[in-house]
Amino acid sequence: MKAHFPDTTAFIKRYLNETGSDVVDSLFEEEGERYVSGLCLLETHSNIQRLNAVGGLLTGEQVRMLHAAVASDIESGRVTVVNATAADIEEAARMLTRRHLTAVDAPQVAVAKSLGPEVVFVSSDLKLNRVAREEGLTVLDPARRSG
């Protein structure tokens with residue numbers, strides 16, 4: 001059974017209409033597991049808040065609805081939140097010494113790797129996708145598969 005691990009650039013497409021949202025939505029309709037890291041969840045909520053507070057692109061009601069939609073996906077089991085373990089943090093630190101990644105991106109790749117070789121890393125971050133491939137992950141960029 002296929003498993004997908006969206007990073008924040010992909011996961012947020014589930015809740016905001018962006019290029020690649022159709023691809024992410026289709027992943028939620030397929031059989032299989034979907035995992036996100038705790039960091040992804042925090043970034044998603046932060047981005048939703050920022051679109052209201054800084055950009056003024058979302059109303060307060062839209063923000064509440066989006067937060068509720070994220071919570072619903074988690075509570076219903078459509079997505080599972082996986083937190084970084086000590087081993088994941090060590091792996092992320094190893095990656096940071098060899099590659100130019102942020103302190104948020106490295107744990108995303110490390111957690112995805114820890115889930116096993118059948119996990120597909122889903123991201124629209126070109127640099128992060130390159131690193132994920134170099135780390136042995138299969139990568140899907142929903143923005144490039146959108147149609």
# chains A, B, ... in the order shown; residues from 1 in each chain; ligands from 1

$ residues_around --residues "segment 57-74 of chain A" --least-positions-apart "2" --cutoff "9 Å" --atoms "only C-alpha atoms" --output "list in words"
Arg14, Tyr15, Leu16, Leu41, Thr44, His45, Ile48, Gln49, Arg50, Leu51, Asn52, Ala53, Val54, Gly55, Ser76, Gly77, Arg78, Val79, Thr80 and Val81 of chain A

$ write_last_selection --atoms "N, CA, C and O atoms" --output "PDB file, in the first residue's frame"
ATOM      1  N   ARG A  14      -3.928  21.201   0.270  1.00  0.00           N
ATOM      2  CA  ARG A  14      -5.174  20.509   0.626  1.00  0.00           C
ATOM      3  C   ARG A  14      -6.225  21.520   1.084  1.00  0.00           C
ATOM      4  O   ARG A  14      -7.418  21.289   0.943  1.00  0.00           O
ATOM      5  N   TYR A  15      -5.797  22.640   1.633  1.00  0.00           N
ATOM      6  CA  TYR A  15      -6.695  23.591   2.283  1.00  0.00           C
ATOM      7  C   TYR A  15      -6.819  24.917   1.541  1.00  0.00           C
ATOM      8  O   TYR A  15      -7.791  25.643   1.741  1.00  0.00           O
ATOM      9  N   LEU A  16      -5.832  25.236   0.723  1.00  0.00           N
ATOM     10  CA  LEU A  16      -5.856  26.470  -0.073  1.00  0.00           C
ATOM     11  C   LEU A  16      -5.797  26.086  -1.541  1.00  0.00           C
ATOM     12  O   LEU A  16      -5.065  25.168  -1.914  1.00  0.00           O
ATOM     13  N   LEU A  41       2.646  20.459  10.520  1.00  0.00           N
ATOM     14  CA  LEU A  41       1.381  20.904  11.093  1.00  0.00           C
ATOM     15  C   LEU A  41       1.512  22.320  11.659  1.00  0.00           C
ATOM     16  O   LEU A  41       0.661  23.180  11.409  1.00  0.00           O
ATOM     17  N   THR A  44       1.825  24.797   8.784  1.00  0.00           N
ATOM     18  CA  THR A  44       0.539  24.973   8.101  1.00  0.00           C
ATOM     19  C   THR A  44      -0.344  25.941   8.868  1.00  0.00           C
ATOM     20  O   THR A  44      -0.898  26.886   8.289  1.00  0.00           O
ATOM     21  N   HIS A  45      -0.476  25.728  10.165  1.00  0.00           N
ATOM     22  CA  HIS A  45      -1.295  26.638  10.974  1.00  0.00           C
ATOM     23  C   HIS A  45      -0.717  28.055  10.966  1.00  0.00           C
ATOM     24  O   HIS A  45      -1.459  29.033  10.869  1.00  0.00           O
ATOM     25  N   ILE A  48      -1.536  29.738   7.599  1.00  0.00           N
ATOM     26  CA  ILE A  48      -2.945  30.140   7.550  1.00  0.00           C
ATOM     27  C   ILE A  48      -3.143  31.429   8.344  1.00  0.00           C
ATOM     28  O   ILE A  48      -3.787  32.372   7.862  1.00  0.00           O
ATOM     29  N   GLN A  49      -2.576  31.482   9.543  1.00  0.00           N
ATOM     30  CA  GLN A  49      -2.687  32.700  10.366  1.00  0.00           C
ATOM     31  C   GLN A  49      -2.072  33.903   9.670  1.00  0.00           C
ATOM     32  O   GLN A  49      -2.633  34.995   9.666  1.00  0.00           O
ATOM     33  N   ARG A  50      -0.906  33.693   9.065  1.00  0.00           N
ATOM     34  CA  ARG A  50      -0.196  34.787   8.403  1.00  0.00           C
ATOM     35  C   ARG A  50      -0.997  35.337   7.225  1.00  0.00           C
ATOM     36  O   ARG A  50      -0.996  36.534   6.970  1.00  0.00           O
ATOM     37  N   LEU A  51      -1.683  34.467   6.502  1.00  0.00           N
ATOM     38  CA  LEU A  51      -2.493  34.928   5.369  1.00  0.00           C
ATOM     39  C   LEU A  51      -3.616  35.848   5.821  1.00  0.00           C
ATOM     40  O   LEU A  51      -4.096  36.680   5.060  1.00  0.00           O
ATOM     41  N   ASN A  52      -4.017  35.725   7.070  1.00  0.00           N
ATOM     42  CA  ASN A  52      -5.022  36.617   7.627  1.00  0.00           C
ATOM     43  C   ASN A  52      -4.371  37.859   8.222  1.00  0.00           C
ATOM     44  O   ASN A  52      -4.706  38.984   7.835  1.00  0.00           O
ATOM     45  N   ALA A  53      -3.432  37.657   9.118  1.00  0.00           N
ATOM     46  CA  ALA A  53      -2.868  38.762   9.898  1.00  0.00           C
ATOM     47  C   ALA A  53      -1.962  39.671   9.090  1.00  0.00           C
ATOM     48  O   ALA A  53      -1.999  40.891   9.252  1.00  0.00           O
ATOM     49  N   VAL A  54      -1.154  39.101   8.219  1.00  0.00           N
ATOM     50  CA  VAL A  54      -0.181  39.906   7.468  1.00  0.00           C
ATOM     51  C   VAL A  54      -0.691  40.238   6.077  1.00  0.00           C
ATOM     52  O   VAL A  54      -0.683  41.381   5.656  1.00  0.00           O
ATOM     53  N   GLY A  55      -1.162  39.236   5.382  1.00  0.00           N
ATOM     54  CA  GLY A  55      -1.580  39.454   3.998  1.00  0.00           C
ATOM     55  C   GLY A  55      -3.005  39.930   3.841  1.00  0.00           C
ATOM     56  O   GLY A  55      -3.368  40.474   2.811  1.00  0.00           O
ATOM     57  N   SER A  76     -10.045  12.331  11.778  1.00  0.00           N
ATOM     58  CA  SER A  76     -10.689  11.264  11.004  1.00  0.00           C
ATOM     59  C   SER A  76      -9.704  10.183  10.561  1.00  0.00           C
ATOM     60  O   SER A  76     -10.106   9.151  10.037  1.00  0.00           O
ATOM     61  N   GLY A  77      -8.414  10.443  10.740  1.00  0.00           N
ATOM     62  CA  GLY A  77      -7.405   9.481  10.324  1.00  0.00           C
ATOM     63  C   GLY A  77      -6.999   9.605   8.862  1.00  0.00           C
ATOM     64  O   GLY A  77      -6.241   8.786   8.359  1.00  0.00           O
ATOM     65  N   ARG A  78      -7.486  10.642   8.172  1.00  0.00           N
ATOM     66  CA  ARG A  78      -7.069  10.845   6.775  1.00  0.00           C
ATOM     67  C   ARG A  78      -5.592  11.199   6.678  1.00  0.00           C
ATOM     68  O   ARG A  78      -4.964  10.995   5.648  1.00  0.00           O
ATOM     69  N   VAL A  79      -5.069  11.729   7.783  1.00  0.00           N
ATOM     70  CA  VAL A  79      -3.635  12.023   7.857  1.00  0.00           C
ATOM     71  C   VAL A  79      -3.176  11.735   9.284  1.00  0.00           C
ATOM     72  O   VAL A  79      -3.923  11.949  10.235  1.00  0.00           O
ATOM     73  N   THR A  80      -1.954  11.221   9.388  1.00  0.00           N
ATOM     74  CA  THR A  80      -1.369  10.898  10.686  1.00  0.00           C
ATOM     75  C   THR A  80      -0.188  11.819  10.933  1.00  0.00           C
ATOM     76  O   THR A  80       0.682  11.970  10.072  1.00  0.00           O
ATOM     77  N   VAL A  81      -0.154  12.428  12.112  1.00  0.00           N
ATOM     78  CA  VAL A  81       0.959  13.296  12.490  1.00  0.00           C
ATOM     79  C   VAL A  81       2.047  12.431  13.117  1.00  0.00           C
ATOM     80  O   VAL A  81       1.785  11.648  14.033  1.00  0.00           O
TER      81      VAL A  81
END

$ select_by_dssp --residues "segment 65-129 of chain A" --states "helix (DSSP H, G or I)" --output "VMD selection string"
chain A and resid 65 to 75 86 to 98 105 to 114 126 to 129

$ select_by_dssp --residues "chain A" --states "strand (DSSP E or B)" --output "ChimeraX atom specification"
/A:3-6,33-37,80-82,119-122,138-140

$ residues_around --residues "Leu137 of chain A" --least-positions-apart "4" --cutoff "10 Å" --atoms "only C-alpha atoms" --output "list in words"
Val109, Ala112, Lys113, Gly116, Pro117, Glu118, Val119, Val120, Phe121, Val122, Asn129, Arg130, Val131, Ala132 and Arg133 of chain A

$ write_last_selection --atoms "N, CA, C and O atoms" --output "mmCIF file, in the first residue's frame"
data_model
loop_
_atom_site.group_PDB
_atom_site.id
_atom_site.type_symbol
_atom_site.label_atom_id
_atom_site.label_comp_id
_atom_site.auth_asym_id
_atom_site.auth_seq_id
_atom_site.Cartn_x
_atom_site.Cartn_y
_atom_site.Cartn_z
ATOM 1 N N VAL A 109 12.696 15.740 5.964
ATOM 2 C CA VAL A 109 13.307 14.668 5.178
ATOM 3 C C VAL A 109 13.668 13.489 6.080
ATOM 4 O O VAL A 109 13.427 12.327 5.740
ATOM 5 N N ALA A 112 10.525 11.561 7.054
ATOM 6 C CA ALA A 112 10.036 10.808 5.889
ATOM 7 C C ALA A 112 10.898 9.568 5.651
ATOM 8 O O ALA A 112 10.372 8.477 5.414
ATOM 9 N N LYS A 113 12.223 9.716 5.729
ATOM 10 C CA LYS A 113 13.125 8.568 5.539
ATOM 11 C C LYS A 113 12.872 7.491 6.575
ATOM 12 O O LYS A 113 12.919 6.301 6.263
ATOM 13 N N GLY A 116 10.309 4.577 5.970
ATOM 14 C CA GLY A 116 10.599 3.452 5.091
ATOM 15 C C GLY A 116 10.619 3.814 3.628
ATOM 16 O O GLY A 116 10.173 4.888 3.225
ATOM 17 N N PRO A 117 11.134 2.893 2.817
ATOM 18 C CA PRO A 117 11.355 3.175 1.396
ATOM 19 C C PRO A 117 10.079 3.283 0.567
ATOM 20 O O PRO A 117 10.111 3.811 -0.543
ATOM 21 N N GLU A 118 8.949 2.812 1.082
ATOM 22 C CA GLU A 118 7.710 2.894 0.307
ATOM 23 C C GLU A 118 7.052 4.267 0.391
ATOM 24 O O GLU A 118 6.100 4.554 -0.335
ATOM 25 N N VAL A 119 7.548 5.144 1.259
ATOM 26 C CA VAL A 119 6.958 6.473 1.437
ATOM 27 C C VAL A 119 7.382 7.400 0.303
ATOM 28 O O VAL A 119 8.558 7.477 -0.047
ATOM 29 N N VAL A 120 6.398 8.091 -0.256
ATOM 30 C CA VAL A 120 6.648 9.089 -1.303
ATOM 31 C C VAL A 120 6.648 10.463 -0.639
ATOM 32 O O VAL A 120 5.678 10.852 0.018
ATOM 33 N N PHE A 121 7.741 11.185 -0.790
ATOM 34 C CA PHE A 121 7.886 12.535 -0.256
ATOM 35 C C PHE A 121 7.186 13.484 -1.221
ATOM 36 O O PHE A 121 7.504 13.506 -2.410
ATOM 37 N N VAL A 122 6.231 14.256 -0.733
ATOM 38 C CA VAL A 122 5.432 15.146 -1.581
ATOM 39 C C VAL A 122 5.764 16.578 -1.202
ATOM 40 O O VAL A 122 5.547 16.999 -0.063
ATOM 41 N N ASN A 129 13.156 18.937 -2.705
ATOM 42 C CA ASN A 129 12.930 17.729 -3.505
ATOM 43 C C ASN A 129 14.247 17.129 -3.977
ATOM 44 O O ASN A 129 14.419 15.911 -3.969
ATOM 45 N N ARG A 130 15.180 17.979 -4.383
ATOM 46 C CA ARG A 130 16.490 17.484 -4.822
ATOM 47 C C ARG A 130 17.191 16.768 -3.670
ATOM 48 O O ARG A 130 17.708 15.655 -3.827
ATOM 49 N N VAL A 131 17.185 17.379 -2.494
ATOM 50 C CA VAL A 131 17.827 16.767 -1.325
ATOM 51 C C VAL A 131 17.125 15.457 -0.957
ATOM 52 O O VAL A 131 17.782 14.451 -0.674
ATOM 53 N N ALA A 132 15.800 15.452 -0.990
ATOM 54 C CA ALA A 132 15.053 14.227 -0.653
ATOM 55 C C ALA A 132 15.423 13.101 -1.610
ATOM 56 O O ALA A 132 15.626 11.955 -1.179
ATOM 57 N N ARG A 133 15.551 13.412 -2.901
ATOM 58 C CA ARG A 133 15.969 12.388 -3.879
ATOM 59 C C ARG A 133 17.380 11.894 -3.555
ATOM 60 O O ARG A 133 17.653 10.690 -3.604
#

$ atom_distance --atom1 "atom CA of Val36 of chain A" --atom2 "atom CA of Arg99 of chain A"
22.1 Å

$ closest_residue --among "A:Val111, A:Ala3, A:Leu42, A:Ala143" --to "Gly20 of chain A" --atoms "only C-alpha atoms"
A:Ala143

$ residues_around --residues "His100 of chain A" --least-positions-apart "6" --cutoff "12 Å" --atoms "only C-alpha atoms" --output "PDB file with N, CA, C and O atoms, in the first residue's frame"
ATOM      1  N   ALA A  92      18.712  14.528  10.930  1.00  0.00           N
ATOM      2  CA  ALA A  92      18.557  15.891  10.410  1.00  0.00           C
ATOM      3  C   ALA A  92      19.837  16.700  10.637  1.00  0.00           C
ATOM      4  O   ALA A  92      20.283  17.428   9.746  1.00  0.00           O
ATOM      5  N   ALA A  93      20.432  16.559  11.803  1.00  0.00           N
ATOM      6  CA  ALA A  93      21.686  17.264  12.093  1.00  0.00           C
ATOM      7  C   ALA A  93      22.788  16.803  11.147  1.00  0.00           C
ATOM      8  O   ALA A  93      23.581  17.615  10.655  1.00  0.00           O
ATOM      9  N   ARG A  94      22.837  15.503  10.846  1.00  0.00           N
ATOM     10  CA  ARG A  94      23.820  14.982   9.901  1.00  0.00           C
ATOM     11  C   ARG A  94      23.602  15.626   8.530  1.00  0.00           C
ATOM     12  O   ARG A  94      24.543  16.064   7.882  1.00  0.00           O
ATOM     13  N   ALA A 106      15.213  19.971   7.205  1.00  0.00           N
ATOM     14  CA  ALA A 106      15.997  18.750   7.459  1.00  0.00           C
ATOM     15  C   ALA A 106      15.199  17.706   8.248  1.00  0.00           C
ATOM     16  O   ALA A 106      15.190  16.529   7.871  1.00  0.00           O
ATOM     17  N   LYS A 127      14.384  22.718  -4.165  1.00  0.00           N
ATOM     18  CA  LYS A 127      15.637  22.385  -3.481  1.00  0.00           C
ATOM     19  C   LYS A 127      15.426  21.219  -2.513  1.00  0.00           C
ATOM     20  O   LYS A 127      16.220  20.276  -2.479  1.00  0.00           O
ATOM     21  N   LEU A 128      14.348  21.260  -1.772  1.00  0.00           N
ATOM     22  CA  LEU A 128      14.062  20.190  -0.826  1.00  0.00           C
ATOM     23  C   LEU A 128      13.817  18.875  -1.561  1.00  0.00           C
ATOM     24  O   LEU A 128      14.267  17.816  -1.114  1.00  0.00           O
ATOM     25  N   ARG A 130      15.180  17.979  -4.383  1.00  0.00           N
ATOM     26  CA  ARG A 130      16.490  17.484  -4.822  1.00  0.00           C
ATOM     27  C   ARG A 130      17.191  16.768  -3.670  1.00  0.00           C
ATOM     28  O   ARG A 130      17.708  15.655  -3.827  1.00  0.00           O
ATOM     29  N   VAL A 131      17.185  17.379  -2.494  1.00  0.00           N
ATOM     30  CA  VAL A 131      17.827  16.767  -1.325  1.00  0.00           C
ATOM     31  C   VAL A 131      17.125  15.457  -0.957  1.00  0.00           C
ATOM     32  O   VAL A 131      17.782  14.451  -0.674  1.00  0.00           O
TER      33      VAL A 131
END

$ residues_around --residues "Thr85 of chain A" --least-positions-apart "6" --cutoff "10 Å" --atoms "only C-alpha atoms" --output "ChimeraX atom specification"
/A:91,107,110-111,114
